[in-house]
Amino acid sequence: MKCPACENVLQEMNVEGVAVNVCKGGCGGIWFDNFELKKLDEEHEFAGDELLDVERDESLVVDHSKRIKCPKCDDIVMMRHFFSVKKSVEIDECPSCAGFWLDAGELREIRGLYETEEDRKKAAHEYFDEVFGDELAAMQVENVEKYAKTKRIANIFRYICPTNYIPGRQKWGAF
């Protein structure tokens, strides 16, 4: 596999049973296959400490504004997005194989963001409430009002509809 950032050949490294591809001697980036990053992204997970300081060529400058292709899926351009709601680390993710490319130093930054997965989820919920909370509350009030109105209309039609007068079909009446 070739490095998507500097075209160097990626070297496989086993870290606590997780095989990742590292750009040693090049840009220092790391390729994680699907679900591998989850095993190494928290600071209390001691596995992966050797990935924090990957040997790299300091003279090599990587253009982070350039979109890169997935090293596993040849013709797929990776999506760049923030790793968390703190919006401090931008990572590249393949939409096809769900692998992640982290540039040099990004794993260290990711590990410093949250102590646990629960902290990350809590921060995401708080951010979601901050951004959409008022709008969702207004929609909920509106939906409750619409439901009440719909129920009133349905009750009116219950008395008008002929099926209500067929014996055995109604829940009320003398039949």
# chains A, B, ... in the order shown; residues from 1 in each chain; ligands from 1
>>> select_by_dssp(residues="chain A", states="strand (DSSP E)", output="number ranges by chain")
A: 11-15, 18-22, 30-32, 79-82, 90-93, 100-102
>>> residues_around(residues="stretch 94-109 of chain A", least_positions_apart="6", cutoff="8 Å", atoms="only C-alpha atoms", output="PDB file with N, CA and C atoms, in the first residue's frame")
ATOM      1  N   CYS A  27       5.851  10.798   5.757  1.00  0.00           N
ATOM      2  CA  CYS A  27       5.079  11.858   6.424  1.00  0.00           C
ATOM      3  C   CYS A  27       4.686  11.500   7.857  1.00  0.00           C
ATOM      4  N   GLY A  28       4.790  10.220   8.232  1.00  0.00           N
ATOM      5  CA  GLY A  28       4.448   9.809   9.586  1.00  0.00           C
ATOM      6  C   GLY A  28       2.977   9.543   9.811  1.00  0.00           C
ATOM      7  N   GLY A  29       2.216   9.419   8.745  1.00  0.00           N
ATOM      8  CA  GLY A  29       0.783   9.157   8.857  1.00  0.00           C
ATOM      9  C   GLY A  29       0.503   7.699   9.187  1.00  0.00           C
ATOM     10  N   ILE A  30      -0.747   7.426   9.595  1.00  0.00           N
ATOM     11  CA  ILE A  30      -1.145   6.076   9.986  1.00  0.00           C
ATOM     12  C   ILE A  30      -2.470   5.722   9.312  1.00  0.00           C
ATOM     13  N   TRP A  31      -2.542   4.500   8.754  1.00  0.00           N
ATOM     14  CA  TRP A  31      -3.772   3.997   8.161  1.00  0.00           C
ATOM     15  C   TRP A  31      -4.400   2.979   9.102  1.00  0.00           C
ATOM     16  N   PHE A  32      -5.670   3.226   9.454  1.00  0.00           N
ATOM     17  CA  PHE A  32      -6.441   2.312  10.292  1.00  0.00           C
ATOM     18  C   PHE A  32      -7.559   1.726   9.444  1.00  0.00           C
ATOM     19  N   ASP A  33      -7.649   0.397   9.413  1.00  0.00           N
ATOM     20  CA  ASP A  33      -8.788  -0.236   8.766  1.00  0.00           C
ATOM     21  C   ASP A  33     -10.021  -0.016   9.637  1.00  0.00           C
ATOM     22  N   ASN A  34     -11.164  -0.418   9.115  1.00  0.00           N
ATOM     23  CA  ASN A  34     -12.438  -0.241   9.805  1.00  0.00           C
ATOM     24  C   ASN A  34     -12.373  -0.763  11.242  1.00  0.00           C
ATOM     25  N   PHE A  35     -12.779   0.026  12.208  1.00  0.00           N
ATOM     26  CA  PHE A  35     -12.885  -0.270  13.644  1.00  0.00           C
ATOM     27  C   PHE A  35     -11.545  -0.361  14.373  1.00  0.00           C
ATOM     28  N   LEU A  37      -9.248   2.089  14.728  1.00  0.00           N
ATOM     29  CA  LEU A  37      -9.004   3.335  15.456  1.00  0.00           C
ATOM     30  C   LEU A  37      -9.697   3.330  16.811  1.00  0.00           C
ATOM     31  N   ASP A  41      -7.918   4.895  20.376  1.00  0.00           N
ATOM     32  CA  ASP A  41      -8.181   6.339  20.358  1.00  0.00           C
ATOM     33  C   ASP A  41      -8.314   7.005  21.722  1.00  0.00           C
ATOM     34  N   LEU A  51       2.674   4.357  18.419  1.00  0.00           N
ATOM     35  CA  LEU A  51       2.185   5.050  17.225  1.00  0.00           C
ATOM     36  C   LEU A  51       2.171   6.573  17.402  1.00  0.00           C
ATOM     37  N   LEU A  52       2.364   7.031  18.620  1.00  0.00           N
ATOM     38  CA  LEU A  52       2.324   8.468  18.879  1.00  0.00           C
ATOM     39  C   LEU A  52       3.540   9.191  18.301  1.00  0.00           C
ATOM     40  N   ASP A  53       4.653   8.502  18.199  1.00  0.00           N
ATOM     41  CA  ASP A  53       5.893   9.106  17.682  1.00  0.00           C
ATOM     42  C   ASP A  53       6.443   8.267  16.546  1.00  0.00           C
ATOM     43  N   VAL A  54       5.786   8.283  15.420  1.00  0.00           N
ATOM     44  CA  VAL A  54       6.237   7.543  14.246  1.00  0.00           C
ATOM     45  C   VAL A  54       7.407   8.291  13.611  1.00  0.00           C
ATOM     46  N   CYS A  70      -7.925   6.946  -1.032  1.00  0.00           N
ATOM     47  CA  CYS A  70      -7.801   5.844  -0.090  1.00  0.00           C
ATOM     48  C   CYS A  70      -6.660   4.931  -0.524  1.00  0.00           C
ATOM     49  N   LYS A  72      -6.334   1.881   0.254  1.00  0.00           N
ATOM     50  CA  LYS A  72      -6.860   0.530   0.089  1.00  0.00           C
ATOM     51  C   LYS A  72      -7.764   0.429  -1.142  1.00  0.00           C
ATOM     52  N   CYS A  73      -8.619   1.421  -1.329  1.00  0.00           N
ATOM     53  CA  CYS A  73      -9.546   1.466  -2.465  1.00  0.00           C
ATOM     54  C   CYS A  73      -8.965   2.480  -3.465  1.00  0.00           C
ATOM     55  N   ILE A  76     -11.064   5.796  -4.833  1.00  0.00           N
ATOM     56  CA  ILE A  76     -11.988   6.472  -3.928  1.00  0.00           C
ATOM     57  C   ILE A  76     -11.284   7.651  -3.249  1.00  0.00           C
ATOM     58  N   VAL A  77     -11.886   8.826  -3.362  1.00  0.00           N
ATOM     59  CA  VAL A  77     -11.359  10.006  -2.680  1.00  0.00           C
ATOM     60  C   VAL A  77     -11.942  10.009  -1.265  1.00  0.00           C
ATOM     61  N   MET A  78     -11.087  10.213  -0.291  1.00  0.00           N
ATOM     62  CA  MET A  78     -11.523  10.136   1.101  1.00  0.00           C
ATOM     63  C   MET A  78     -12.235  11.420   1.526  1.00  0.00           C
ATOM     64  N   MET A  79     -13.164  11.268   2.466  1.00  0.00           N
ATOM     65  CA  MET A  79     -13.912  12.398   3.019  1.00  0.00           C
ATOM     66  C   MET A  79     -13.128  12.958   4.194  1.00  0.00           C
TER      67      MET A  79
END
>>> residues_around(residues="A:Ser84", least_positions_apart="4", cutoff="12 Å", atoms="only C-alpha atoms", output="PyMOL selection string")
chain A and resi 41+88-91+109-114+117+119-125+127-128
>>> atom_distance(atom1="atom CA of A:Val9", atom2="atom CA of A:Leu40")
22.6 Å
>>> atom_distance(atom1="atom CA of A:Ile68", atom2="atom CA of A:Gly26")
15.7 Å
>>> select_by_dssp(residues="chain A", states="helix (DSSP H, G or I)", output="JSON, numbers by chain")
{"A": [37, 38, 39, 49, 50, 51, 106, 107, 108, 109, 110, 111, 112, 113, 117, 118, 119, 120, 121, 122, 123, 124, 125, 126, 127, 128, 129, 130, 131, 132, 133, 134, 135, 136, 137, 138, 139, 140, 141, 142, 143, 144, 145, 146, 147, 148, 149, 150, 151, 152, 153, 154, 155, 156, 157, 158, 159, 160, 162, 163, 164, 165]}
>>> write_last_selection(atoms="C-alpha atoms", output="mmCIF file, in the first residue's frame")
data_model
loop_
_atom_site.group_PDB
_atom_site.id
_atom_site.type_symbol
_atom_site.label_atom_id
_atom_site.label_comp_id
_atom_site.auth_asym_id
_atom_site.auth_seq_id
_atom_site.Cartn_x
_atom_site.Cartn_y
_atom_site.Cartn_z
ATOM 1 C CA LEU A 37 -9.004 3.335 15.456
ATOM 2 C CA LYS A 38 -11.639 2.673 18.155
ATOM 3 C CA LYS A 39 -9.190 0.302 19.864
ATOM 4 C CA ASP A 49 1.718 4.396 22.482
ATOM 5 C CA GLU A 50 4.408 3.536 19.921
ATOM 6 C CA LEU A 51 2.185 5.050 17.225
ATOM 7 C CA GLU A 106 -3.357 13.518 14.957
ATOM 8 C CA LEU A 107 -3.524 10.312 17.026
ATOM 9 C CA ARG A 108 -1.928 12.145 19.960
ATOM 10 C CA GLU A 109 -4.479 14.965 19.615
ATOM 11 C CA ILE A 110 -7.390 12.510 19.394
ATOM 12 C CA ARG A 111 -6.228 10.704 22.525
ATOM 13 C CA GLY A 112 -6.149 14.010 24.401
ATOM 14 C CA LEU A 113 -9.699 15.051 23.511
ATOM 15 C CA GLU A 117 -16.115 6.927 24.955
ATOM 16 C CA GLU A 118 -18.843 8.015 27.393
ATOM 17 C CA ASP A 119 -17.266 11.488 27.642
ATOM 18 C CA ARG A 120 -17.221 11.711 23.847
ATOM 19 C CA LYS A 121 -20.888 10.693 23.594
ATOM 20 C CA LYS A 122 -21.878 13.118 26.349
ATOM 21 C CA ALA A 123 -20.099 15.971 24.550
ATOM 22 C CA ALA A 124 -21.842 15.041 21.298
ATOM 23 C CA HIS A 125 -25.263 15.051 22.994
ATOM 24 C CA GLU A 126 -24.556 18.417 24.619
ATOM 25 C CA TYR A 127 -23.448 19.878 21.282
ATOM 26 C CA PHE A 128 -26.515 18.456 19.537
ATOM 27 C CA ASP A 129 -28.777 19.976 22.205
ATOM 28 C CA GLU A 130 -26.968 23.303 21.910
ATOM 29 C CA VAL A 131 -27.363 23.427 18.135
ATOM 30 C CA PHE A 132 -30.807 21.849 17.689
ATOM 31 C CA GLY A 133 -32.395 21.845 21.179
ATOM 32 C CA ASP A 134 -34.678 24.885 20.801
ATOM 33 C CA GLU A 135 -35.757 23.873 17.312
ATOM 34 C CA LEU A 136 -36.534 20.303 18.403
ATOM 35 C CA ALA A 137 -38.490 21.519 21.438
ATOM 36 C CA ALA A 138 -40.585 23.783 19.192
ATOM 37 C CA MET A 139 -41.190 20.895 16.778
ATOM 38 C CA GLN A 140 -42.270 18.670 19.651
ATOM 39 C CA VAL A 141 -44.804 21.255 20.891
ATOM 40 C CA GLU A 142 -46.081 21.664 17.338
ATOM 41 C CA ASN A 143 -46.422 17.889 16.918
ATOM 42 C CA VAL A 144 -48.359 17.567 20.190
ATOM 43 C CA GLU A 145 -50.750 20.298 18.996
ATOM 44 C CA LYS A 146 -51.131 18.614 15.585
ATOM 45 C CA TYR A 147 -51.787 15.255 17.251
ATOM 46 C CA ALA A 148 -54.516 16.740 19.462
ATOM 47 C CA LYS A 149 -56.149 18.413 16.458
ATOM 48 C CA THR A 150 -55.963 15.198 14.421
ATOM 49 C CA LYS A 151 -57.509 13.227 17.256
ATOM 50 C CA ARG A 152 -60.423 15.691 17.501
ATOM 51 C CA ILE A 153 -61.039 15.420 13.739
ATOM 52 C CA ALA A 154 -60.830 11.620 13.888
ATOM 53 C CA ASN A 155 -63.434 11.577 16.679
ATOM 54 C CA ILE A 156 -65.778 13.704 14.567
ATOM 55 C CA PHE A 157 -65.472 11.281 11.646
ATOM 56 C CA ARG A 158 -66.023 8.365 13.986
ATOM 57 C CA TYR A 159 -69.622 9.472 14.419
ATOM 58 C CA ILE A 160 -70.145 10.325 10.748
ATOM 59 C CA PRO A 162 -71.116 4.544 8.205
ATOM 60 C CA THR A 163 -68.890 1.714 9.443
ATOM 61 C CA ASN A 164 -69.654 2.890 12.943
ATOM 62 C CA TYR A 165 -73.296 1.838 12.448
#
>>> atom_distance(atom1="atom CA of A:Asn21", atom2="atom CA of A:Cys3")
9.0 Å
